[in-house]
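Q: Before we start, here is the structure in question, set down as structure tokens.
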Amino acid sequence: DEAGAEEQPAAAGGEGGAEAAGESGAAPAPAARRQRKKIAYADYQRIGNMLTRHLYEKEQANEEVKEEDLIAWYMEQVEEDIQTEAQLLDQHHTVQMIINRMIEKDRVILVYRQSEDAMRPEGRVLVKHPNFPVDDPIAAVR
């Protein structure tokens with residue numbers, strides 16, 4: 001069970017992972033597409049709950065949240081822990097992968113509206129799934 005849990009964000013590493021690598025500034029080389037990033041299940045839950053709580057709070061304030069704004073908000077939350085540019089890129093890539101997984105596999109985050117610019121998919125508006133209670137363990141919403 002633990003081994004499968006560690007690979008959760010890597011599941012989004014197919015098409016979404018290549019896009020995430022490109023968006024974070026890393027070269028989307030063919031080798032990067034096959035690279036699987038693993039994070040601990042506890043980290044996935046912690047970051048996922050931070051993201052869904054933020055989406056919930058913004059929804060309560062009647063504010064839209066674009067994917068790029070959600071990523072920027074998360075990066076501000078962890079900026080004290082980041083010492084190098086490599087750590088910055090790694091954190092950005094990690095949160096992008098988690099968001100993609102939460103949209104595509106767990107369906108905890110929904111795409112409310114696609115980006116108006118096809119060249120900037122991070123401009124899509126995201127919302128928390130209405131059936132997902134904030135701070136609950138993340139599992140696929142049915």
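Ordered as shown in the structure tokens, chains take letters A, B, and onward, while each chain numbers its residues from 1 and ligands are numbered from 1 in the order shown.
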Excluding same-chain residues fewer than 6 positions from Glu59 in chain A, what lies within 9 Å of it counting only C-alpha atoms, as a list in words?
A: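 Residues near the query, excluding close chain neighbours: Val65, Val127 and Lys128 of chain A.
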Q: Write out as a list in words the residues lying within 6 Å of range 129-131 of chain A, counting only C-alpha atoms and excluding same-chain residues fewer than 6 positions away.
A: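 Counting only the stated atoms, we get Val108, Ile109 and Leu110 of chain A.
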Q: Which residues are near Arg53 in chain A? Cut-off 9 Å, only C-alpha atoms, ignore same chain within fewer than 4 positions. Put them as a PyMOL selection string.
A: chain A and resi 48-49+57-58+128+134-135
Q: Would you mind exporting the chosen residues as a PDB file, in the first residue's frame, restricted to C-alpha atoms?
A:
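Okay, this is what ended up in result29.pdb:
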```pdb
ATOM      1  CA  GLY A  48      -3.335  18.593  -1.338  1.00  0.00           C
ATOM      2  CA  ASN A  49      -5.177  19.686   1.779  1.00  0.00           C
ATOM      3  CA  GLU A  57     -11.590  29.881   1.309  1.00  0.00           C
ATOM      4  CA  LYS A  58     -11.458  31.737  -2.015  1.00  0.00           C
ATOM      5  CA  LYS A 128     -12.728  22.424  -5.093  1.00  0.00           C
ATOM      6  CA  VAL A 134     -11.914  20.252   3.390  1.00  0.00           C
ATOM      7  CA  ASP A 135      -9.140  18.553   5.410  1.00  0.00           C
TER       8      ASP A 135
END
```
Q: Can you work out the spacing between CA of Val125 in chain A and CA of Tyr56 in chain A in Å, to one decimal?
A: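 Distance between the two atoms: 13.2 Å.
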